[in-house]
>>> print(open('start08.cif').read())   # mmCIF, N, CA and C atoms
data_structure
#
loop_
_atom_site.label_atom_id
_atom_site.label_comp_id
_atom_site.auth_asym_id
_atom_site.auth_seq_id
_atom_site.Cartn_x
_atom_site.Cartn_y
_atom_site.Cartn_z
N GLN A 1 8.32 18.42 1.65
CA GLN A 1 7.73 17.37 2.48
C GLN A 1 6.86 16.48 1.59
N LEU A 2 7.13 15.19 1.65
CA LEU A 2 6.37 14.24 0.84
C LEU A 2 4.96 14.10 1.40
N GLN A 3 3.98 14.17 0.52
CA GLN A 3 2.59 13.95 0.91
C GLN A 3 2.01 12.85 0.04
N LEU A 4 1.18 12.01 0.66
CA LEU A 4 0.58 10.87 -0.01
C LEU A 4 -0.93 10.96 0.08
N VAL A 5 -1.60 10.66 -1.03
CA VAL A 5 -3.06 10.66 -1.05
C VAL A 5 -3.54 9.38 -1.72
N GLU A 6 -4.34 8.61 -0.96
CA GLU A 6 -4.89 7.38 -1.49
C GLU A 6 -6.24 7.65 -2.16
N SER A 7 -6.57 6.82 -3.13
CA SER A 7 -7.89 6.88 -3.77
C SER A 7 -8.22 5.50 -4.31
N GLY A 8 -9.48 5.31 -4.65
CA GLY A 8 -9.89 4.05 -5.27
C GLY A 8 -10.67 3.12 -4.37
N GLY A 9 -10.87 3.50 -3.13
CA GLY A 9 -11.63 2.64 -2.24
C GLY A 9 -13.12 2.72 -2.52
N GLY A 10 -13.88 1.94 -1.79
CA GLY A 10 -15.33 1.95 -1.95
C GLY A 10 -15.93 0.62 -1.58
N LEU A 11 -17.16 0.41 -2.03
CA LEU A 11 -17.88 -0.83 -1.75
C LEU A 11 -17.69 -1.78 -2.93
N VAL A 12 -17.25 -3.00 -2.63
CA VAL A 12 -16.99 -4.01 -3.64
C VAL A 12 -17.67 -5.30 -3.23
N GLN A 13 -18.22 -6.00 -4.17
CA GLN A 13 -18.83 -7.29 -3.87
C GLN A 13 -17.76 -8.36 -3.69
N PRO A 14 -18.04 -9.35 -2.88
CA PRO A 14 -17.10 -10.46 -2.73
C PRO A 14 -16.76 -11.07 -4.09
N GLY A 15 -15.49 -11.34 -4.28
CA GLY A 15 -15.03 -11.85 -5.56
C GLY A 15 -14.68 -10.77 -6.57
N GLY A 16 -15.00 -9.54 -6.23
CA GLY A 16 -14.73 -8.44 -7.13
C GLY A 16 -13.31 -7.90 -7.02
N SER A 17 -13.07 -6.83 -7.75
CA SER A 17 -11.74 -6.23 -7.80
C SER A 17 -11.81 -4.73 -7.54
N ALA A 18 -10.68 -4.21 -7.13
CA ALA A 18 -10.54 -2.76 -6.96
C ALA A 18 -9.07 -2.41 -7.11
N ARG A 19 -8.81 -1.19 -7.54
CA ARG A 19 -7.43 -0.74 -7.64
C ARG A 19 -7.27 0.53 -6.84
N LEU A 20 -6.37 0.48 -5.88
CA LEU A 20 -6.06 1.65 -5.08
C LEU A 20 -4.87 2.38 -5.69
N SER A 21 -4.92 3.69 -5.60
CA SER A 21 -3.80 4.52 -6.05
C SER A 21 -3.25 5.31 -4.88
N CYS A 22 -1.97 5.56 -4.94
CA CYS A 22 -1.29 6.37 -3.93
C CYS A 22 -0.49 7.43 -4.69
N ALA A 23 -1.01 8.64 -4.70
CA ALA A 23 -0.37 9.73 -5.44
C ALA A 23 0.51 10.54 -4.50
N ALA A 24 1.74 10.76 -4.91
CA ALA A 24 2.69 11.50 -4.08
C ALA A 24 2.91 12.90 -4.64
N SER A 25 3.16 13.83 -3.74
CA SER A 25 3.50 15.19 -4.12
C SER A 25 4.52 15.73 -3.15
N GLY A 26 5.23 16.78 -3.57
CA GLY A 26 6.20 17.42 -2.69
C GLY A 26 7.60 16.87 -2.82
N SER A 27 7.73 15.68 -3.38
CA SER A 27 9.05 15.06 -3.53
C SER A 27 8.92 13.89 -4.48
N PRO A 28 9.94 13.62 -5.30
CA PRO A 28 9.88 12.44 -6.16
C PRO A 28 9.94 11.17 -5.32
N LEU A 29 9.27 10.14 -5.82
CA LEU A 29 9.22 8.86 -5.09
C LEU A 29 10.42 7.96 -5.36
N ASP A 30 11.32 8.42 -6.21
CA ASP A 30 12.39 7.54 -6.71
C ASP A 30 13.22 6.87 -5.61
N TYR A 31 13.39 7.53 -4.46
CA TYR A 31 14.24 6.99 -3.40
C TYR A 31 13.42 6.42 -2.24
N TYR A 32 12.14 6.19 -2.48
CA TYR A 32 11.27 5.70 -1.43
C TYR A 32 10.72 4.32 -1.77
N ALA A 33 10.75 3.43 -0.79
CA ALA A 33 9.94 2.22 -0.87
C ALA A 33 8.51 2.59 -0.49
N ILE A 34 7.56 1.91 -1.08
CA ILE A 34 6.14 2.16 -0.80
C ILE A 34 5.53 0.91 -0.18
N GLY A 35 4.78 1.11 0.86
CA GLY A 35 4.06 0.01 1.50
C GLY A 35 2.58 0.31 1.56
N TRP A 36 1.79 -0.75 1.44
CA TRP A 36 0.35 -0.64 1.68
C TRP A 36 0.05 -1.38 2.98
N PHE A 37 -0.68 -0.73 3.84
CA PHE A 37 -1.10 -1.30 5.12
C PHE A 37 -2.60 -1.19 5.23
N ARG A 38 -3.19 -1.98 6.11
CA ARG A 38 -4.62 -1.88 6.32
C ARG A 38 -4.94 -2.08 7.79
N GLN A 39 -6.07 -1.51 8.18
CA GLN A 39 -6.53 -1.67 9.56
C GLN A 39 -8.04 -1.84 9.56
N ALA A 40 -8.46 -2.99 10.06
CA ALA A 40 -9.88 -3.28 10.19
C ALA A 40 -10.34 -2.88 11.58
N PRO A 41 -11.64 -2.62 11.76
CA PRO A 41 -12.14 -2.22 13.07
C PRO A 41 -11.79 -3.24 14.14
N GLY A 42 -11.22 -2.77 15.22
CA GLY A 42 -10.88 -3.64 16.34
C GLY A 42 -9.63 -4.47 16.14
N LYS A 43 -8.94 -4.25 15.03
CA LYS A 43 -7.73 -5.03 14.76
C LYS A 43 -6.52 -4.11 14.62
N GLU A 44 -5.35 -4.69 14.78
CA GLU A 44 -4.13 -3.93 14.61
C GLU A 44 -3.85 -3.71 13.12
N ARG A 45 -3.10 -2.66 12.86
CA ARG A 45 -2.69 -2.40 11.48
C ARG A 45 -1.77 -3.51 11.01
N GLU A 46 -1.93 -3.93 9.77
CA GLU A 46 -1.09 -4.99 9.23
C GLU A 46 -0.55 -4.59 7.86
N GLY A 47 0.64 -5.06 7.58
CA GLY A 47 1.23 -4.82 6.27
C GLY A 47 0.61 -5.72 5.23
N VAL A 48 0.34 -5.17 4.08
CA VAL A 48 -0.30 -5.90 2.98
C VAL A 48 0.72 -6.22 1.89
N ALA A 49 1.41 -5.19 1.43
CA ALA A 49 2.37 -5.36 0.35
C ALA A 49 3.31 -4.18 0.33
N CYS A 50 4.49 -4.40 -0.23
CA CYS A 50 5.43 -3.29 -0.39
C CYS A 50 6.20 -3.48 -1.69
N ILE A 51 6.79 -2.37 -2.16
CA ILE A 51 7.55 -2.39 -3.39
C ILE A 51 8.77 -1.49 -3.22
N SER A 52 9.89 -1.94 -3.71
CA SER A 52 11.13 -1.19 -3.55
C SER A 52 11.15 0.03 -4.45
N ARG A 53 12.12 0.86 -4.27
CA ARG A 53 12.20 2.13 -5.00
C ARG A 53 12.23 1.95 -6.51
N SER A 54 12.86 0.90 -6.98
CA SER A 54 12.93 0.66 -8.43
C SER A 54 11.73 -0.12 -8.94
N GLY A 55 11.01 -0.74 -8.03
CA GLY A 55 9.93 -1.65 -8.43
C GLY A 55 10.41 -3.07 -8.64
N GLY A 56 11.70 -3.29 -8.45
CA GLY A 56 12.26 -4.61 -8.73
C GLY A 56 12.04 -5.64 -7.66
N ASN A 57 11.69 -5.20 -6.46
CA ASN A 57 11.46 -6.13 -5.36
C ASN A 57 10.13 -5.82 -4.70
N THR A 58 9.36 -6.87 -4.43
CA THR A 58 8.08 -6.72 -3.75
C THR A 58 7.95 -7.79 -2.67
N ASN A 59 7.11 -7.49 -1.70
CA ASN A 59 6.76 -8.45 -0.67
C ASN A 59 5.26 -8.36 -0.42
N ASN A 60 4.64 -9.51 -0.19
CA ASN A 60 3.21 -9.54 0.09
C ASN A 60 2.95 -10.31 1.38
N ALA A 61 1.90 -9.94 2.05
CA ALA A 61 1.43 -10.74 3.18
C ALA A 61 0.86 -12.05 2.64
N ASP A 62 0.98 -13.10 3.42
CA ASP A 62 0.47 -14.41 2.99
C ASP A 62 -1.02 -14.34 2.66
N SER A 63 -1.75 -13.53 3.40
CA SER A 63 -3.20 -13.47 3.25
C SER A 63 -3.64 -12.89 1.91
N VAL A 64 -2.73 -12.20 1.21
CA VAL A 64 -3.12 -11.57 -0.06
C VAL A 64 -2.32 -12.10 -1.24
N THR A 65 -1.37 -12.97 -0.99
CA THR A 65 -0.55 -13.51 -2.08
C THR A 65 -1.44 -14.23 -3.10
N GLY A 66 -1.21 -13.88 -4.36
CA GLY A 66 -2.01 -14.46 -5.43
C GLY A 66 -3.26 -13.68 -5.74
N ARG A 67 -3.60 -12.72 -4.87
CA ARG A 67 -4.80 -11.91 -5.09
C ARG A 67 -4.48 -10.43 -5.28
N PHE A 68 -3.51 -9.92 -4.54
CA PHE A 68 -3.15 -8.50 -4.60
C PHE A 68 -1.80 -8.35 -5.31
N THR A 69 -1.69 -7.27 -6.07
CA THR A 69 -0.44 -6.96 -6.76
C THR A 69 -0.10 -5.49 -6.56
N ILE A 70 1.09 -5.25 -6.08
CA ILE A 70 1.55 -3.87 -5.90
C ILE A 70 2.42 -3.48 -7.08
N SER A 71 2.31 -2.23 -7.48
CA SER A 71 3.12 -1.72 -8.59
C SER A 71 3.36 -0.24 -8.38
N ARG A 72 4.21 0.33 -9.22
CA ARG A 72 4.47 1.76 -9.10
C ARG A 72 4.87 2.31 -10.46
N ASP A 73 4.64 3.60 -10.62
CA ASP A 73 5.06 4.31 -11.82
C ASP A 73 5.77 5.58 -11.33
N ASN A 74 7.07 5.52 -11.28
CA ASN A 74 7.82 6.65 -10.73
C ASN A 74 7.68 7.91 -11.60
N ALA A 75 7.46 7.72 -12.88
CA ALA A 75 7.27 8.88 -13.76
C ALA A 75 6.00 9.64 -13.39
N LYS A 76 5.02 8.92 -12.87
CA LYS A 76 3.75 9.54 -12.45
C LYS A 76 3.72 9.79 -10.95
N ASN A 77 4.81 9.42 -10.26
CA ASN A 77 4.88 9.61 -8.81
C ASN A 77 3.71 8.94 -8.10
N THR A 78 3.36 7.74 -8.56
CA THR A 78 2.17 7.06 -8.06
C THR A 78 2.47 5.57 -7.87
N ALA A 79 1.87 5.01 -6.83
CA ALA A 79 1.92 3.58 -6.59
C ALA A 79 0.50 3.04 -6.60
N TYR A 80 0.39 1.74 -6.83
CA TYR A 80 -0.93 1.14 -6.98
C TYR A 80 -1.01 -0.17 -6.19
N LEU A 81 -2.23 -0.54 -5.84
CA LEU A 81 -2.50 -1.85 -5.27
C LEU A 81 -3.71 -2.42 -5.99
N GLN A 82 -3.46 -3.41 -6.84
CA GLN A 82 -4.54 -4.09 -7.55
C GLN A 82 -5.03 -5.23 -6.67
N MET A 83 -6.30 -5.21 -6.36
CA MET A 83 -6.88 -6.21 -5.46
C MET A 83 -7.92 -7.01 -6.21
N ASN A 84 -7.71 -8.30 -6.33
CA ASN A 84 -8.64 -9.20 -7.01
C ASN A 84 -9.18 -10.23 -6.03
N SER A 85 -10.25 -10.89 -6.41
CA SER A 85 -10.86 -11.94 -5.58
C SER A 85 -11.05 -11.45 -4.15
N LEU A 86 -11.63 -10.30 -4.01
CA LEU A 86 -11.78 -9.70 -2.69
C LEU A 86 -12.71 -10.50 -1.80
N LYS A 87 -12.39 -10.53 -0.53
CA LYS A 87 -13.15 -11.27 0.48
C LYS A 87 -13.66 -10.28 1.53
N PRO A 88 -14.72 -10.64 2.22
CA PRO A 88 -15.20 -9.75 3.30
C PRO A 88 -14.11 -9.42 4.32
N GLU A 89 -13.20 -10.35 4.57
CA GLU A 89 -12.14 -10.09 5.55
C GLU A 89 -11.09 -9.10 5.05
N ASP A 90 -11.18 -8.69 3.78
CA ASP A 90 -10.31 -7.64 3.27
C ASP A 90 -10.84 -6.25 3.62
N THR A 91 -12.02 -6.19 4.18
CA THR A 91 -12.60 -4.90 4.56
C THR A 91 -11.73 -4.21 5.59
N ALA A 92 -11.33 -2.98 5.28
CA ALA A 92 -10.43 -2.23 6.15
C ALA A 92 -10.20 -0.84 5.57
N VAL A 93 -9.56 0.00 6.35
CA VAL A 93 -9.01 1.24 5.82
C VAL A 93 -7.60 0.92 5.32
N TYR A 94 -7.35 1.28 4.09
CA TYR A 94 -6.06 0.99 3.47
C TYR A 94 -5.22 2.27 3.41
N TYR A 95 -3.99 2.14 3.86
CA TYR A 95 -3.06 3.27 3.89
C TYR A 95 -1.84 2.97 3.03
N CYS A 96 -1.37 3.97 2.30
CA CYS A 96 -0.06 3.83 1.68
C CYS A 96 0.94 4.62 2.52
N ALA A 97 2.17 4.16 2.48
CA ALA A 97 3.23 4.78 3.26
C ALA A 97 4.53 4.73 2.48
N ALA A 98 5.42 5.66 2.78
CA ALA A 98 6.69 5.74 2.08
C ALA A 98 7.85 5.72 3.06
N GLU A 99 8.86 4.95 2.74
CA GLU A 99 10.08 4.87 3.54
C GLU A 99 11.26 5.30 2.66
N PHE A 100 12.01 6.28 3.13
CA PHE A 100 13.20 6.72 2.39
C PHE A 100 14.27 5.64 2.50
N THR A 101 14.62 5.02 1.38
CA THR A 101 15.60 3.94 1.40
C THR A 101 16.92 4.32 0.74
N GLY A 102 16.98 5.51 0.14
CA GLY A 102 18.22 5.94 -0.48
C GLY A 102 18.63 4.99 -1.59
N GLY A 103 19.84 4.43 -1.47
CA GLY A 103 20.34 3.53 -2.50
C GLY A 103 19.88 2.09 -2.33
N ARG A 104 19.27 1.76 -1.20
CA ARG A 104 18.85 0.38 -0.96
C ARG A 104 17.58 0.07 -1.75
N ASP A 105 17.58 -1.02 -2.46
CA ASP A 105 16.43 -1.38 -3.29
C ASP A 105 15.69 -2.56 -2.70
N GLY A 106 15.08 -2.32 -1.55
CA GLY A 106 14.31 -3.37 -0.89
C GLY A 106 13.16 -2.77 -0.14
N CYS A 107 12.33 -3.60 0.47
CA CYS A 107 11.21 -3.12 1.28
C CYS A 107 10.78 -4.21 2.23
N VAL A 108 10.14 -3.78 3.32
CA VAL A 108 9.59 -4.73 4.28
C VAL A 108 8.21 -4.25 4.69
N ILE A 109 7.36 -5.18 5.10
CA ILE A 109 6.05 -4.80 5.59
C ILE A 109 5.85 -5.27 7.03
N SER A 110 6.87 -5.87 7.60
CA SER A 110 6.74 -6.38 8.96
C SER A 110 6.85 -5.28 10.00
N GLN A 111 7.46 -4.16 9.62
CA GLN A 111 7.65 -3.05 10.55
C GLN A 111 7.08 -1.78 9.93
N SER A 112 5.97 -1.30 10.45
CA SER A 112 5.38 -0.10 9.88
C SER A 112 6.07 1.17 10.35
N ARG A 113 6.73 1.11 11.50
CA ARG A 113 7.29 2.34 12.07
C ARG A 113 8.44 2.90 11.26
N GLN A 114 9.02 2.12 10.36
CA GLN A 114 10.12 2.65 9.55
C GLN A 114 9.62 3.48 8.38
N TYR A 115 8.33 3.48 8.17
CA TYR A 115 7.76 4.30 7.11
C TYR A 115 7.50 5.69 7.68
N GLU A 116 8.13 6.70 7.08
CA GLU A 116 8.07 8.04 7.65
C GLU A 116 6.85 8.84 7.22
N HIS A 117 6.29 8.50 6.06
CA HIS A 117 5.21 9.31 5.50
C HIS A 117 4.00 8.43 5.26
N TRP A 118 2.84 8.95 5.63
CA TRP A 118 1.59 8.18 5.54
C TRP A 118 0.50 9.01 4.90
N GLY A 119 -0.36 8.32 4.13
CA GLY A 119 -1.55 8.96 3.63
C GLY A 119 -2.66 8.91 4.66
N GLN A 120 -3.80 9.47 4.32
CA GLN A 120 -4.93 9.53 5.24
C GLN A 120 -5.76 8.26 5.22
N GLY A 121 -5.59 7.44 4.21
CA GLY A 121 -6.32 6.19 4.15
C GLY A 121 -7.55 6.25 3.26
N THR A 122 -7.93 5.10 2.75
CA THR A 122 -9.16 4.98 1.95
C THR A 122 -9.88 3.71 2.37
N GLN A 123 -11.18 3.81 2.54
CA GLN A 123 -11.98 2.69 3.03
C GLN A 123 -12.29 1.73 1.89
N VAL A 124 -12.07 0.46 2.14
CA VAL A 124 -12.49 -0.60 1.23
C VAL A 124 -13.44 -1.51 2.00
N THR A 125 -14.65 -1.66 1.50
CA THR A 125 -15.65 -2.51 2.12
C THR A 125 -16.06 -3.59 1.13
N VAL A 126 -15.89 -4.83 1.54
CA VAL A 126 -16.24 -5.96 0.69
C VAL A 126 -17.49 -6.60 1.27
N SER A 127 -18.58 -6.43 0.57
CA SER A 127 -19.86 -6.90 1.09
C SER A 127 -20.86 -7.03 -0.06
N SER A 128 -21.79 -7.97 0.10
CA SER A 128 -22.85 -8.12 -0.89
C SER A 128 -24.09 -7.34 -0.46
#
>>> encode(input="start08.cif", output="structure tokens")
Amino acid sequence: QLQLVESGGGLVQPGGSARLSCAASGSPLDYYAIGWFRQAPGKEREGVACISRSGGNTNNADSVTGRFTISRDNAKNTAYLQMNSLKPEDTAVYYCAAEFTGGRDGCVISQSRQYEHWGQGTQVTVSS
């Protein structure tokens, strides 16, 4: 059973940076697309970014394009979310999720329900 654990959250000043990690265990990530989602208090969960099983295809939400970069290292069974130029509105619990895609090398963030495995989340607070 694939298990995901996020790390790297915390308190960041506006304009600052943070890197989230999503470490997988129990199964290789090679056949899984990885998505990062976030949920702020009182708001619905939203997709932030995703990366295909090979790393060759990515998608970002408009709100983070140019600021956030998703990547993965299959040899380390880990995915990352580099967040730059952070804004207070980026404050949320960030979750990584994995979708078994088999031979398909793509990903989507518009539908969270297709992701079968989820981490527990890590809090990111952007505040001065």
>>> resolve_selection(input="start08.cif", expression="the PyMOL selection byres ((chain A and resi 62-72) around 6)", output="list in words")
Asn60, Ala61, Asp73, Asn74, Thr78, Ala79, Tyr80, Leu81, Gln82, Met83, Asn84 and Ser85 of chain A
>>> closest_residue(input="start08.cif", among="A:His117, A:Leu29, A:Gly102, A:Pro88", to="A:Gln13", atoms="all atoms listed in the file")
A:Pro88
>>> closest_residue(input="start08.cif", among="A:Cys107, A:Ala23, A:Phe37, A:Ser127", to="A:Glu89", atoms="only N, CA and C atoms")
A:Ser127
>>> closest_residue(input="start08.cif", among="A:Ser27, A:Ser7, A:Asn59, A:Thr122", to="A:Tyr94", atoms="only N, CA and C atoms")
A:Thr122
>>> select_by_dssp(input="start08.cif", residues="chain A", states="strand (DSSP E or B)", output="PyMOL selection string")
chain A and resi 3-7+10-12+18-25+32-39+46-51+58-60+68-73+78-83+92-100+117-118+122-126
>>> resolve_selection(input="start08.cif", expression="the PyMOL selection byres ((chain A and resi 36) around 7)", output="list in words")
Ile34, Gly35, Phe37, Arg38, Glu46, Gly47, Val48, Ala49, Cys50, Ile51, Tyr94, Tyr95, Cys96 and Ala97 of chain A
>>> closest_residue(input="start08.cif", among="A:Pro14, A:Pro41, A:Pro28, A:Gly55", to="A:Asp105", atoms="all atoms listed in the file")
A:Gly55
>>> resolve_selection(input="start08.cif", expression="the PyMOL selection byres ((chain A and resi 26) around 6.5)", output="mmCIF file with N, CA and C atoms, in the coordinates of the input")
data_model
loop_
_atom_site.group_PDB
_atom_site.id
_atom_site.type_symbol
_atom_site.label_atom_id
_atom_site.label_comp_id
_atom_site.auth_asym_id
_atom_site.auth_seq_id
_atom_site.Cartn_x
_atom_site.Cartn_y
_atom_site.Cartn_z
ATOM 1 N N GLN A 1 8.320 18.420 1.650
ATOM 2 C CA GLN A 1 7.730 17.370 2.480
ATOM 3 C C GLN A 1 6.860 16.480 1.590
ATOM 4 N N LEU A 2 7.130 15.190 1.650
ATOM 5 C CA LEU A 2 6.370 14.240 0.840
ATOM 6 C C LEU A 2 4.960 14.100 1.400
ATOM 7 N N GLN A 3 3.980 14.170 0.520
ATOM 8 C CA GLN A 3 2.590 13.950 0.910
ATOM 9 C C GLN A 3 2.010 12.850 0.040
ATOM 10 N N ALA A 24 1.740 10.760 -4.910
ATOM 11 C CA ALA A 24 2.690 11.500 -4.080
ATOM 12 C C ALA A 24 2.910 12.900 -4.640
ATOM 13 N N SER A 25 3.160 13.830 -3.740
ATOM 14 C CA SER A 25 3.500 15.190 -4.120
ATOM 15 C C SER A 25 4.520 15.730 -3.150
ATOM 16 N N SER A 27 7.730 15.680 -3.380
ATOM 17 C CA SER A 27 9.050 15.060 -3.530
ATOM 18 C C SER A 27 8.920 13.890 -4.480
ATOM 19 N N PRO A 28 9.940 13.620 -5.300
ATOM 20 C CA PRO A 28 9.880 12.440 -6.160
ATOM 21 C C PRO A 28 9.940 11.170 -5.320
#
>>> closest_residue(input="start08.cif", among="A:Ser128, A:Asp90, A:Asn57, A:Leu11", to="A:Val108", atoms="only C-alpha atoms")
A:Asn57
>>> closest_residue(input="start08.cif", among="A:Ala40, A:Leu4, A:Val124, A:Ala33", to="A:Glu99", atoms="all atoms listed in the file")
A:Ala33
>>> residues_near_point(input="start08.cif", point="(-6.6, 1.7, -3.0)", cutoff="5 Å", atoms="only N, CA and C atoms", output="ChimeraX atom specification")
/A:7-9,19-21
>>> atom_distance(input="start08.cif", atom1="atom C of A:Phe100", atom2="atom CA of A:Tyr31")
6.1 Å
>>> atom_distance(input="start08.cif", atom1="atom N of A:Lys87", atom2="atom N of A:Gly16")
6.3 Å
>>> atom_distance(input="start08.cif", atom1="atom N of A:Arg45", atom2="atom C of A:Val5")
18.9 Å
